[in-house]
Each structure stands twice: as structure tokens, then as C-alpha cells.
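Trainee: Just one file: upload_24.txt, with compact mmCIF, C-alpha atoms.
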```
# COMPACT_ATOMS: atom_id res chain seq x y z
CA MET A 128 58.48 -157.91 -135.87
CA ASN A 129 60.51 -156.83 -132.93
CA ASN A 130 60.98 -153.11 -133.33
CA ARG A 131 61.34 -152.36 -129.68
CA VAL A 132 63.54 -149.33 -129.14
CA ILE A 133 66.49 -149.95 -126.86
CA ASN A 134 66.84 -147.26 -124.29
CA TRP A 135 70.59 -146.71 -124.33
CA PHE A 136 70.45 -144.22 -121.51
CA LYS A 137 69.25 -147.03 -119.30
CA PHE A 138 72.66 -148.65 -119.65
CA SER A 139 74.41 -145.46 -118.70
CA SER A 140 73.48 -146.02 -115.09
CA PRO A 141 76.03 -148.07 -113.14
CA GLN A 142 73.22 -150.07 -111.57
CA THR A 143 72.08 -151.57 -114.88
CA PHE A 144 75.51 -151.67 -116.46
CA TYR A 145 77.16 -153.63 -113.65
CA PRO A 146 75.19 -156.90 -114.15
CA LEU A 147 75.19 -156.48 -117.93
CA ALA A 148 78.99 -156.22 -117.97
CA GLY A 149 79.19 -159.29 -115.75
CA LYS A 150 77.17 -161.29 -118.25
CA LEU A 151 79.21 -160.08 -121.23
CA ILE A 152 82.71 -160.70 -119.83
CA PRO A 153 82.83 -164.51 -120.35
CA TRP A 154 81.75 -164.07 -123.98
CA PHE A 155 84.51 -161.59 -124.67
CA TRP A 156 87.05 -163.95 -123.10
CA ALA A 157 85.78 -166.77 -125.33
CA LEU A 158 86.15 -164.53 -128.39
CA THR A 159 89.63 -163.47 -127.26
CA ALA A 160 90.70 -167.12 -127.06
CA ALA A 161 89.10 -168.04 -130.39
CA PHE A 162 90.58 -165.13 -132.36
CA GLY A 163 93.90 -165.42 -130.52
CA LEU A 164 94.36 -169.12 -131.27
CA ALA A 165 93.32 -168.64 -134.90
CA GLY A 166 95.63 -165.63 -135.23
CA LEU A 167 98.60 -167.43 -133.68
CA TYR A 168 98.02 -170.44 -135.90
CA VAL A 169 97.91 -168.33 -139.05
CA GLY A 170 100.80 -166.17 -137.83
CA PHE A 171 103.17 -169.01 -137.07
CA PHE A 172 102.09 -171.88 -139.29
CA VAL A 173 100.35 -170.47 -142.35
CA ALA A 174 102.03 -167.13 -143.05
CA PRO A 175 105.22 -167.69 -145.04
CA THR A 176 108.74 -166.64 -144.09
CA ASP A 177 109.44 -163.05 -145.12
CA ALA A 178 111.87 -162.70 -148.02
CA GLN A 179 113.81 -159.86 -146.37
CA GLN A 180 113.30 -160.28 -142.65
CA GLY A 181 113.18 -164.06 -142.29
CA GLU A 182 111.23 -165.20 -139.22
CA GLY A 183 111.86 -162.00 -137.27
CA TYR A 184 108.99 -160.24 -138.99
CA ARG A 185 106.50 -162.44 -137.06
CA ILE A 186 106.65 -159.86 -134.30
CA ILE A 187 104.29 -157.90 -136.56
CA PHE A 188 101.42 -160.14 -135.40
CA ILE A 189 101.50 -158.53 -131.97
CA HIS A 190 103.27 -155.26 -132.72
CA VAL A 191 100.66 -153.89 -135.11
CA PRO A 192 97.58 -154.99 -133.09
CA ALA A 193 99.09 -153.54 -129.89
CA SER A 194 99.88 -150.27 -131.65
CA TRP A 195 96.42 -150.02 -133.17
CA MET A 196 94.76 -150.76 -129.83
CA SER A 197 96.96 -148.23 -128.01
CA MET A 198 95.66 -145.51 -130.34
CA PHE A 199 92.10 -146.75 -130.57
CA LEU A 200 91.70 -147.18 -126.80
CA TYR A 201 92.93 -143.63 -126.32
CA LEU A 202 90.20 -142.35 -128.63
CA VAL A 203 87.57 -144.42 -126.80
CA MET A 204 88.88 -143.18 -123.45
CA ALA A 205 88.76 -139.56 -124.66
CA PHE A 206 85.25 -140.14 -126.00
CA TRP A 207 84.00 -141.34 -122.60
CA ALA A 208 85.87 -138.53 -120.87
CA ALA A 209 84.21 -135.97 -123.15
CA LEU A 210 80.81 -137.53 -122.58
CA GLY A 211 81.39 -137.32 -118.85
CA LEU A 212 82.37 -133.67 -119.08
CA GLY A 213 79.42 -132.81 -121.29
CA PHE A 214 76.58 -134.79 -119.73
CA ASN A 215 77.98 -135.38 -116.26
CA THR A 216 77.04 -139.05 -116.46
CA ARG A 217 78.55 -141.13 -113.69
CA LEU A 218 79.43 -144.16 -115.77
CA SER A 219 81.43 -142.23 -118.40
CA GLY A 220 84.21 -141.27 -116.02
CA MET A 221 84.38 -144.84 -114.72
CA MET A 222 84.72 -146.14 -118.28
CA ALA A 223 87.54 -143.71 -119.02
CA SER A 224 89.39 -144.76 -115.85
CA ALA A 225 88.85 -148.43 -116.64
CA LEU A 226 90.36 -148.09 -120.12
CA ALA A 227 93.51 -146.19 -119.17
CA PRO A 228 95.57 -149.10 -117.72
CA THR A 229 94.76 -151.34 -120.68
CA GLY A 230 95.69 -148.55 -123.07
CA ALA A 231 98.96 -148.05 -121.23
CA LEU A 232 99.64 -151.78 -121.50
CA MET A 233 99.04 -151.68 -125.25
CA ALA A 234 101.30 -148.65 -125.70
CA PHE A 235 103.99 -150.38 -123.66
CA LEU A 236 103.66 -153.57 -125.72
CA SER A 237 103.87 -151.54 -128.90
CA LEU A 238 107.14 -149.98 -127.74
CA TRP A 239 108.53 -153.21 -126.32
CA THR A 240 107.80 -155.37 -129.37
CA GLY A 241 108.97 -152.52 -131.59
CA ALA A 242 112.32 -152.42 -129.80
CA LEU A 243 112.70 -156.19 -130.15
CA TRP A 244 111.89 -155.87 -133.82
CA GLY A 245 114.09 -152.85 -134.41
CA LYS A 246 117.22 -154.40 -132.95
CA PRO A 247 117.62 -157.22 -135.51
CA MET A 248 116.23 -155.23 -138.47
CA TRP A 249 117.54 -151.70 -137.94
CA GLY A 250 120.42 -152.55 -135.64
CA THR A 251 119.07 -150.43 -132.81
CA TRP A 252 116.52 -150.81 -130.00
CA TRP A 253 115.41 -147.23 -130.22
CA VAL A 254 115.68 -144.11 -132.35
CA TRP A 255 114.14 -140.72 -131.72
CA ASP A 256 112.09 -140.87 -134.85
CA ALA A 257 108.67 -139.27 -135.16
CA ARG A 258 106.64 -142.51 -134.98
CA LEU A 259 108.50 -143.94 -132.01
CA THR A 260 108.64 -140.68 -130.10
CA SER A 261 104.94 -139.92 -130.54
CA GLU A 262 104.05 -143.45 -129.39
CA LEU A 263 106.24 -142.93 -126.32
CA ILE A 264 104.33 -139.70 -125.65
CA LEU A 265 101.09 -141.69 -125.90
CA PHE A 266 102.40 -144.09 -123.25
CA PHE A 267 103.23 -141.12 -120.99
CA LEU A 268 99.78 -139.62 -121.62
CA TYR A 269 98.18 -142.81 -120.31
CA LEU A 270 100.49 -142.83 -117.29
CA GLY A 271 99.81 -139.13 -116.71
CA PHE A 272 96.06 -139.74 -116.84
CA ILE A 273 96.31 -142.56 -114.29
CA ALA A 274 98.63 -140.57 -112.01
CA LEU A 275 96.45 -137.46 -112.18
CA GLN A 276 93.29 -139.39 -111.33
CA SER A 277 94.89 -141.23 -108.45
CA ALA A 278 96.24 -137.95 -107.03
CA ILE A 279 92.71 -136.51 -106.62
CA ASP A 280 90.60 -138.00 -103.85
CA ASP A 281 87.20 -136.84 -105.04
CA ALA A 282 86.21 -139.18 -107.87
CA ARG A 283 84.08 -136.67 -109.76
CA ARG A 284 86.81 -134.04 -109.72
CA ALA A 285 89.36 -136.67 -110.72
CA ASP A 286 87.13 -137.50 -113.69
CA LYS A 287 86.99 -133.87 -114.76
CA ALA A 288 90.72 -133.29 -114.48
CA GLY A 289 91.46 -136.56 -116.27
CA ALA A 290 89.00 -135.69 -119.03
CA VAL A 291 90.74 -132.40 -119.76
CA LEU A 292 94.10 -134.16 -119.97
CA ALA A 293 92.67 -136.93 -122.16
CA LEU A 294 91.06 -134.45 -124.55
CA VAL A 295 94.18 -132.33 -124.91
CA GLY A 296 96.19 -135.47 -125.60
CA VAL A 297 93.94 -136.51 -128.48
CA VAL A 298 96.00 -134.27 -130.75
CA ASN A 299 98.80 -136.83 -130.44
CA ILE A 300 96.80 -139.61 -132.13
CA PRO A 301 96.81 -138.21 -135.70
CA ILE A 302 100.45 -137.30 -135.15
CA ILE A 303 101.28 -140.95 -134.45
CA TYR A 304 99.16 -142.20 -137.30
CA PHE A 305 100.46 -139.85 -139.97
CA SER A 306 104.01 -139.53 -138.65
CA VAL A 307 105.34 -141.99 -141.21
CA LYS A 308 103.86 -139.82 -143.98
CA TRP A 309 104.65 -136.37 -142.64
CA TRP A 310 108.26 -137.04 -141.70
CA ASN A 311 111.04 -139.10 -143.09
CA THR A 312 111.17 -141.85 -140.52
CA LEU A 313 113.14 -145.00 -140.01
CA HIS A 314 109.85 -146.68 -139.20
CA GLN A 315 108.27 -148.23 -142.26
CA GLY A 316 105.06 -146.85 -143.74
CA ALA A 317 101.60 -148.24 -143.08
CA SER A 318 101.28 -151.95 -143.92
CA VAL A 319 97.54 -151.61 -144.17
CA SER A 320 95.79 -148.48 -145.37
CA LEU A 321 92.25 -147.69 -146.35
CA THR A 322 93.17 -146.17 -149.67
CA LYS A 323 95.37 -148.78 -151.27
CA SER A 324 95.60 -152.54 -151.20
CA PRO A 325 97.84 -153.85 -148.41
CA SER A 326 101.52 -154.22 -149.20
CA MET A 327 101.82 -157.71 -147.72
CA ALA A 328 100.96 -161.34 -148.36
CA GLN A 329 97.29 -162.25 -147.88
CA THR A 330 97.99 -164.79 -145.15
CA MET A 331 100.15 -162.31 -143.23
CA LEU A 332 97.32 -159.81 -143.40
CA TRP A 333 94.83 -162.38 -142.17
CA GLY A 334 97.03 -163.33 -139.24
CA MET A 335 97.39 -159.69 -138.32
CA LEU A 336 93.67 -158.97 -138.53
CA LEU A 337 92.81 -162.03 -136.42
CA MET A 338 95.32 -160.95 -133.79
CA ALA A 339 93.91 -157.42 -133.90
CA LEU A 340 90.44 -158.83 -133.22
CA ALA A 341 91.84 -160.90 -130.34
CA PHE A 342 93.48 -157.79 -128.84
CA TRP A 343 90.24 -155.93 -129.26
CA MET A 344 88.19 -158.58 -127.47
CA TYR A 345 90.86 -158.81 -124.76
CA SER A 346 90.68 -155.07 -124.19
CA ILE A 347 86.91 -155.16 -123.87
CA ALA A 348 86.96 -158.13 -121.49
CA VAL A 349 89.60 -156.71 -119.17
CA SER A 350 88.15 -153.17 -119.18
CA LEU A 351 84.70 -154.50 -118.32
CA THR A 352 86.23 -156.45 -115.44
CA ARG A 353 87.95 -153.29 -114.24
CA VAL A 354 84.92 -151.05 -114.66
CA ARG A 355 82.95 -153.44 -112.45
CA ALA A 356 85.57 -153.03 -109.75
CA ILE A 357 85.45 -149.25 -110.15
CA ILE A 358 81.64 -149.24 -109.95
CA LEU A 359 81.80 -151.15 -106.66
CA GLU A 360 84.45 -148.81 -105.28
CA ARG A 361 82.57 -145.66 -106.15
CA GLU A 362 78.97 -146.74 -105.60
CA ARG A 363 79.54 -148.53 -102.34
CA HIS A 364 77.19 -146.24 -100.48
CA ALA A 365 74.38 -146.74 -102.99
CA GLY A 366 71.56 -149.00 -101.91
CA TRP A 367 71.58 -151.21 -104.99
CA VAL A 368 75.13 -152.37 -104.33
CA GLU A 369 74.10 -153.86 -100.98
CA GLU A 370 71.37 -155.86 -102.72
CA LEU A 371 73.87 -157.64 -105.01
CA SER A 372 73.96 -161.38 -104.49
CA GLU A 373 77.79 -161.37 -104.35
CA VAL A 374 77.75 -158.86 -101.48
CA LYS A 375 75.26 -160.67 -99.25
CA PRO A 376 77.13 -162.41 -96.42
CA SER A 377 77.25 -166.13 -97.12
CA MET B 291 104.00 -175.64 -143.12
CA ASN B 292 106.99 -173.49 -142.30
CA TRP B 293 108.82 -175.67 -139.81
CA GLY B 294 110.60 -179.00 -140.23
CA SER B 295 110.85 -179.67 -136.51
CA ALA B 296 109.97 -178.25 -133.12
CA SER B 297 113.53 -177.02 -132.56
CA GLU B 298 113.40 -175.19 -135.86
CA PHE B 299 110.17 -173.57 -134.71
CA PHE B 300 111.69 -172.41 -131.44
CA ALA B 301 114.84 -171.15 -133.18
CA MET B 302 112.74 -168.78 -135.35
CA GLY B 303 115.45 -168.65 -138.00
CA GLY B 304 117.96 -167.22 -135.53
CA HIS B 305 115.56 -164.57 -134.23
CA ALA B 306 114.38 -166.62 -131.24
CA PHE B 307 115.38 -164.01 -128.65
CA TYR B 308 113.50 -161.20 -130.37
CA VAL B 309 110.40 -163.13 -131.42
CA TRP B 310 109.94 -164.95 -128.09
CA GLY B 311 110.91 -161.85 -126.14
CA ALA B 312 108.06 -160.01 -127.84
CA PHE B 313 105.46 -162.78 -127.62
CA GLY B 314 106.54 -163.75 -124.09
CA ALA B 315 106.16 -160.22 -122.71
CA CYS B 316 102.80 -159.92 -124.41
CA ALA B 317 101.55 -163.22 -122.96
CA LEU B 318 102.86 -162.39 -119.49
CA LEU B 319 101.20 -158.97 -119.35
CA MET B 320 97.95 -160.33 -120.74
CA ILE B 321 97.86 -162.92 -117.98
CA VAL B 322 98.81 -160.52 -115.18
CA GLU B 323 96.46 -157.66 -116.11
CA PRO B 324 93.20 -159.67 -115.88
CA ILE B 325 94.35 -161.15 -112.56
CA LEU B 326 94.94 -157.66 -111.17
CA ALA B 327 91.58 -156.45 -112.49
CA ARG B 328 89.77 -159.38 -110.87
CA ARG B 329 91.64 -158.88 -107.62
CA ARG B 330 90.62 -155.24 -107.61
CA ARG B 331 86.99 -156.30 -107.82
CA SER B 332 87.24 -158.89 -105.07
CA ASN B 333 89.04 -156.34 -102.86
CA ALA B 334 86.19 -153.90 -103.49
CA LEU B 335 83.68 -156.59 -102.52
CA ASP B 336 85.59 -157.39 -99.32
CA GLU B 337 85.68 -153.73 -98.40
CA LEU B 338 81.96 -153.46 -99.05
CA ARG B 339 81.10 -156.43 -96.84
CA ARG B 340 83.29 -155.04 -94.09
CA GLU B 341 81.54 -151.68 -94.22
CA MET B 342 78.10 -153.30 -94.18
CA ARG B 343 79.01 -155.41 -91.18
CA ALA B 344 80.34 -152.35 -89.34
CA ARG B 345 77.15 -150.44 -90.08
CA LYS B 346 74.99 -153.30 -88.91
CA GLU B 347 76.93 -153.60 -85.65
CA SER B 348 76.69 -149.90 -84.92
CA ASN B 349 72.92 -150.07 -85.47
CA GLU B 350 72.43 -152.90 -83.01
```
Write the structure described by the file as C-alpha cells, please.
Mentor:
Amino acid sequence: MNNRVINWFKFSSPQTFYPLAGKLIPWFWALTAAFGLAGLYVGFFVAPTDAQQGEGYRIIFIHVPASWMSMFLYLVMAFWAALGLGFNTRLSGMMASALAPTGALMAFLSLWTGALWGKPMWGTWWVWDARLTSELILFFLYLGFIALQSAIDDARRADKAGAVLALVGVVNIPIIYFSVKWWNTLHQGASVSLTKSPSMAQTMLWGMLLMALAFWMYSIAVSLTRVRAIILERERHAGWVEELSEVKPS
Amino acid sequence: MNWGSASEFFAMGGHAFYVWGAFGACALLMIVEPILARRRRSNALDELRREMRARKESNE
């Protein structure tokens, strides 16, 4: 049988990762569309009207996936940043930089959809409650990471500075996640938890999970597109870049 | 099926502004972000070609 060992370090070089990412991107877009359409169908046409919140609750189908992704992407970004600091691999820093704008977008969407949900249900767009405030801090951490990196001309030094910021900010993630347990918040508790069965209708849960998968695939597709741009920007003096078919003058 | 008609669907039980405001912003950003990411790559490629041409000319 095929028990060939994959050499993962091979993919940590920008030269091998660049074409690989290019091949993967269309597949992740296809998965985004498939999960997204399925999720929207379930979310709007299968999931029943909520007894308390009427149709307004349907915001959950983007609010929860965006919030999950905003936290998850931060952890992935911090992971790459740490790897870059520890092993000094070139690609790690590029991955961290490529993830930051998408993470910021997810954090923004989480806050935006939350405000539009809070207004009809709580009667207010915003409250300074622990969950909302810590998510806002997450948004600012992403923006701070991007601003810090763009303020430093030398890419390797920008990676290092960004990595330190990203790692310090990791402490905010458990705060967001557990805020609804630790403090008395206006925000409702977790709809889905690992320890008890979800407190929502099956079809609502399915819609939410499908949308979460769609957001996940979207994030991968768009970050791979961005990391390819970053590779070209940073490796433009490397010989392999000039050999690329898309660079050759037509 | 939750909706009797298309207008009922778009009304979202009186929450149209909030539901479509949320989904609309999400759709808009998820269309714009990939376009910006792709543009960044094609800008990088343009820059690269320009540099290569300049180098070639200075060699000749």
C-alpha cells in the first residue's frame, strides 16, 4: 500500500506552497458555495420560526459562524506567528499576515450582525457587556496587528513584532469564549457546547453548522489567495518567482 | 416551508431591516474581500514584470 511519508517541511517553503495554494483555491471556493447554499437553504426554508424571536433570530446563521471564525482565525494566526518566531520559517509570517484581514472581517461581521440582532431583541445596538466588549477588543487586536506590520518596512522584523502582539492577544480568546459563563451578561449563553446537547432545534443547528463550514472554507480560500500575493511581494527577488508561467512576458 | 409568498419572505416577520442588514453586509464584504485579495496578487505580478523588464534593459 501507499505508505509514503509526506514531507511537511517541503510545503513550508514559499516556492512549493505557492503553486499548491493556487491549485487548492478553486476547490475551497466550490466548497464555500456548496456549504453556503445548503446552509442558506436550511437557514431560511427548513429551520422553523423561533417561538420567542420570530424571524429575527435567523441572523444567528451568520452571527455565530462569524464569531466562531473570528476567534478561530486568531488562534490560527497566533499559531503561525509563534511558529515563525520559533523556527524562523519564512512562510509562517506570511500566513499570519494573510489571515489577519479575514479575521478582522469576521470580527467586524460578528459585531455588526450582533448589533442588528440586539436592537430588535434587547432594544439596544450595543451594551458594554463582557462578551461584546471582549469581541470588540479582538477586532482592535486584528487592526493593531495589521497596522503594526504595515508600519515596519522590513518584512522579517514586521513578522516578529506582529507575532509578539498576536501571542499576547491570545489571552483574549478564552475571555471571549467564557465571558457568558464568568460574568452576568446580557448576551445569551452558548447555543452549542461540547458538554451538553445543544439548546436549539435540530434544523437550526444544522443550518448553523453548514454556514460555519461555508465561512471556514471561505476563510481558507481568501487567505490562500492573499498569501499568494504576499509571497510574490516578498519573494520577488528570488529566482523561482521569475520562472513562474504567470510572470513570463506574454 | 415557512413562507406563503415572496413578499412574506422579504418581510421577515417585520424584522426585514435587521435580517437583511446583517445578511447584506455579510454578502457585500465577502464579495469585496476576495476581489481585493486577487487585485493585490495581480498588482504584485505587474510590479514583478516591471522590475524584470527594468533589469533586462539595464543589462543590455
Trainee: Counting all atoms listed in the file, what is within 8 Å of His305 of chain B, bar same-chain residues fewer than 2 positions away, as a ChimeraX atom specification?
Mentor: /A:182-183,247 /B:301-303,307-309
Trainee: Can you write out as JSON lines which residues of chain B fall within 9 Å of chain A, alongside each residue's closest atom pair and its distance in Å to one decimal, counting only C-alpha atoms and ordering rows by chain and ascending residue number?
Mentor:
```
{"residue": "B:Met291", "atom": "CA", "partner": "A:Phe172", "partner_atom": "CA", "distance": 5.7}
{"residue": "B:Asn292", "atom": "CA", "partner": "A:Phe172", "partner_atom": "CA", "distance": 6.0}
{"residue": "B:Trp293", "atom": "CA", "partner": "A:Phe172", "partner_atom": "CA", "distance": 7.7}
{"residue": "B:Phe299", "atom": "CA", "partner": "A:Phe171", "partner_atom": "CA", "distance": 8.7}
{"residue": "B:Met302", "atom": "CA", "partner": "A:Glu182", "partner_atom": "CA", "distance": 5.5}
{"residue": "B:Gly303", "atom": "CA", "partner": "A:Glu182", "partner_atom": "CA", "distance": 5.6}
{"residue": "B:Gly304", "atom": "CA", "partner": "A:Glu182", "partner_atom": "CA", "distance": 7.9}
{"residue": "B:His305", "atom": "CA", "partner": "A:Gly183", "partner_atom": "CA", "distance": 5.4}
{"residue": "B:Ala306", "atom": "CA", "partner": "A:Gly183", "partner_atom": "CA", "distance": 8.0}
{"residue": "B:Phe307", "atom": "CA", "partner": "A:Leu243", "partner_atom": "CA", "distance": 8.4}
{"residue": "B:Tyr308", "atom": "CA", "partner": "A:Leu243", "partner_atom": "CA", "distance": 5.1}
{"residue": "B:Val309", "atom": "CA", "partner": "A:Ile186", "partner_atom": "CA", "distance": 5.7}
{"residue": "B:Trp310", "atom": "CA", "partner": "A:Ile186", "partner_atom": "CA", "distance": 8.7}
{"residue": "B:Gly311", "atom": "CA", "partner": "A:Leu243", "partner_atom": "CA", "distance": 7.2}
{"residue": "B:Ala312", "atom": "CA", "partner": "A:Thr240", "partner_atom": "CA", "distance": 4.9}
{"residue": "B:Phe313", "atom": "CA", "partner": "A:Ile189", "partner_atom": "CA", "distance": 7.3}
{"residue": "B:Ala315", "atom": "CA", "partner": "A:Leu236", "partner_atom": "CA", "distance": 7.7}
{"residue": "B:Cys316", "atom": "CA", "partner": "A:Leu236", "partner_atom": "CA", "distance": 6.5}
{"residue": "B:Leu319", "atom": "CA", "partner": "A:Leu232", "partner_atom": "CA", "distance": 7.7}
{"residue": "B:Met320", "atom": "CA", "partner": "A:Tyr345", "partner_atom": "CA", "distance": 8.3}
{"residue": "B:Glu323", "atom": "CA", "partner": "A:Val349", "partner_atom": "CA", "distance": 7.6}
{"residue": "B:Pro324", "atom": "CA", "partner": "A:Val349", "partner_atom": "CA", "distance": 5.7}
{"residue": "B:Leu326", "atom": "CA", "partner": "A:Arg353", "partner_atom": "CA", "distance": 8.8}
{"residue": "B:Ala327", "atom": "CA", "partner": "A:Arg353", "partner_atom": "CA", "distance": 5.1}
{"residue": "B:Arg328", "atom": "CA", "partner": "A:Thr352", "partner_atom": "CA", "distance": 6.5}
{"residue": "B:Arg329", "atom": "CA", "partner": "A:Ala356", "partner_atom": "CA", "distance": 8.7}
{"residue": "B:Arg330", "atom": "CA", "partner": "A:Ala356", "partner_atom": "CA", "distance": 5.9}
{"residue": "B:Arg331", "atom": "CA", "partner": "A:Ala356", "partner_atom": "CA", "distance": 4.1}
{"residue": "B:Ser332", "atom": "CA", "partner": "A:Ala356", "partner_atom": "CA", "distance": 7.7}
{"residue": "B:Asn333", "atom": "CA", "partner": "A:Ala356", "partner_atom": "CA", "distance": 8.4}
{"residue": "B:Ala334", "atom": "CA", "partner": "A:Glu360", "partner_atom": "CA", "distance": 5.7}
{"residue": "B:Leu335", "atom": "CA", "partner": "A:Val374", "partner_atom": "CA", "distance": 6.4}
{"residue": "B:Asp336", "atom": "CA", "partner": "A:Val374", "partner_atom": "CA", "distance": 8.3}
{"residue": "B:Glu337", "atom": "CA", "partner": "A:Glu360", "partner_atom": "CA", "distance": 8.5}
{"residue": "B:Leu338", "atom": "CA", "partner": "A:Arg363", "partner_atom": "CA", "distance": 6.4}
{"residue": "B:Arg339", "atom": "CA", "partner": "A:Val374", "partner_atom": "CA", "distance": 6.2}
{"residue": "B:Glu341", "atom": "CA", "partner": "A:Arg363", "partner_atom": "CA", "distance": 8.9}
{"residue": "B:Met342", "atom": "CA", "partner": "A:Glu369", "partner_atom": "CA", "distance": 7.9}
{"residue": "B:Arg343", "atom": "CA", "partner": "A:Pro376", "partner_atom": "CA", "distance": 8.9}
```
Trainee: For atom CA of Val298 of chain A and atom CA of Leu337 of chain A, determine how far apart the two atoms are, in Å to one decimal place.
Mentor: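 About the pair atom CA of Val298 of chain A and atom CA of Leu337 of chain A: they are 28.5 Å apart.
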Trainee: Quick one, how far is atom CA of Pro192 of chain A from atom CA of Ala339 of chain A?
Mentor: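 Those two atoms sit 4.5 Å apart.
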Trainee: May I ask for the distance between atom CA of Ala278 of chain A and atom CA of Leu294 of chain A, given in Å to one decimal place?
Mentor: 18.6 Å
Trainee: I'd like the box whose edges run along x, y and z of the file and which contains every listed atom of segment 322-339 of chain B, padded by 3 Å per side; could you state its centre and edge lengths in Å, one decimal, as lines of an AutoDock Vina configuration file?
Mentor:
```
center_x = 90.0
center_y = -157.3
center_z = -106.5
size_x = 23.7
size_y = 13.7
size_z = 25.3
```
Trainee: Near Ala341 of chain A, within 8 Å and counting only C-alpha atoms, which residues show up once chain neighbours fewer than 2 positions away are dropped, as a list in words?
Mentor: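 Within the cut-off, the hits are Leu158, Thr159, Ala160, Ala161, Phe162, Gly163, Gly166, Leu337, Met338, Ala339, Trp343, Met344 and Tyr345 of chain A.
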Trainee: Closest to Leu268 of chain A among A:Ala205, A:Val254, A:Leu218, A:Ala157, using all atoms listed in the file?
Mentor: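 So, comparing all the options, the nearest one is A:Ala205.
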Trainee: Step by step: locate segment 291-345 of chain B in the block above, keep C-alpha atoms, then write the file as a short mmCIF file (atom, residue, chain, number, x, y, z; two decimals), in the first residue's frame.
Mentor:
```
data_model
loop_
_atom_site.label_atom_id
_atom_site.label_comp_id
_atom_site.auth_asym_id
_atom_site.auth_seq_id
_atom_site.Cartn_x
_atom_site.Cartn_y
_atom_site.Cartn_z
CA MET B 291 -41.96 25.70 4.23
CA ASN B 292 -42.01 28.87 6.29
CA TRP B 293 -43.19 31.40 3.74
CA GLY B 294 -46.53 31.81 1.99
CA SER B 295 -45.21 34.25 -0.59
CA ALA B 296 -42.08 36.05 -1.72
CA SER B 297 -43.17 39.28 -0.04
CA GLU B 298 -43.64 37.43 3.21
CA PHE B 299 -40.12 36.08 2.82
CA PHE B 300 -38.65 39.53 2.28
CA ALA B 301 -40.64 41.00 5.17
CA MET B 302 -39.02 38.51 7.61
CA GLY B 303 -41.91 38.84 10.03
CA GLY B 304 -41.28 42.57 10.45
CA HIS B 305 -37.54 42.13 11.01
CA ALA B 306 -36.58 42.77 7.38
CA PHE B 307 -34.26 45.69 8.17
CA TYR B 308 -32.26 43.73 10.74
CA VAL B 309 -32.13 40.38 8.95
CA TRP B 310 -31.28 41.82 5.52
CA GLY B 311 -28.96 44.40 7.04
CA ALA B 312 -26.98 41.55 8.57
CA PHE B 313 -27.01 39.22 5.56
CA GLY B 314 -26.47 42.10 3.12
CA ALA B 315 -23.37 43.39 4.90
CA CYS B 316 -22.03 39.86 5.10
CA ALA B 317 -22.58 39.23 1.38
CA LEU B 318 -21.08 42.59 0.41
CA LEU B 319 -17.90 42.10 2.44
CA MET B 320 -17.50 38.54 1.23
CA ILE B 321 -17.65 39.74 -2.36
CA VAL B 322 -15.31 42.70 -1.85
CA GLU B 323 -12.60 40.92 0.16
CA PRO B 324 -11.77 38.26 -2.47
CA ILE B 325 -11.70 40.96 -5.17
CA LEU B 326 -9.18 42.96 -3.13
CA ALA B 327 -7.09 39.86 -2.45
CA ARG B 328 -6.99 38.99 -6.15
CA ARG B 329 -6.16 42.55 -7.08
CA ARG B 330 -3.28 42.51 -4.62
CA ARG B 331 -1.87 39.47 -6.39
CA SER B 332 -2.22 40.92 -9.87
CA ASN B 333 -0.61 44.17 -8.66
CA ALA B 334 2.29 42.12 -7.29
CA LEU B 335 2.63 40.36 -10.64
CA ASP B 336 2.61 43.68 -12.53
CA GLU B 337 5.29 45.04 -10.24
CA LEU B 338 7.36 41.92 -10.77
CA ARG B 339 7.16 42.12 -14.55
CA ARG B 340 8.11 45.79 -14.43
CA GLU B 341 11.16 45.05 -12.32
CA MET B 342 12.24 42.21 -14.60
CA ARG B 343 11.92 44.41 -17.66
CA ALA B 344 13.95 47.16 -15.99
CA ARG B 345 16.66 44.69 -15.05
#
```
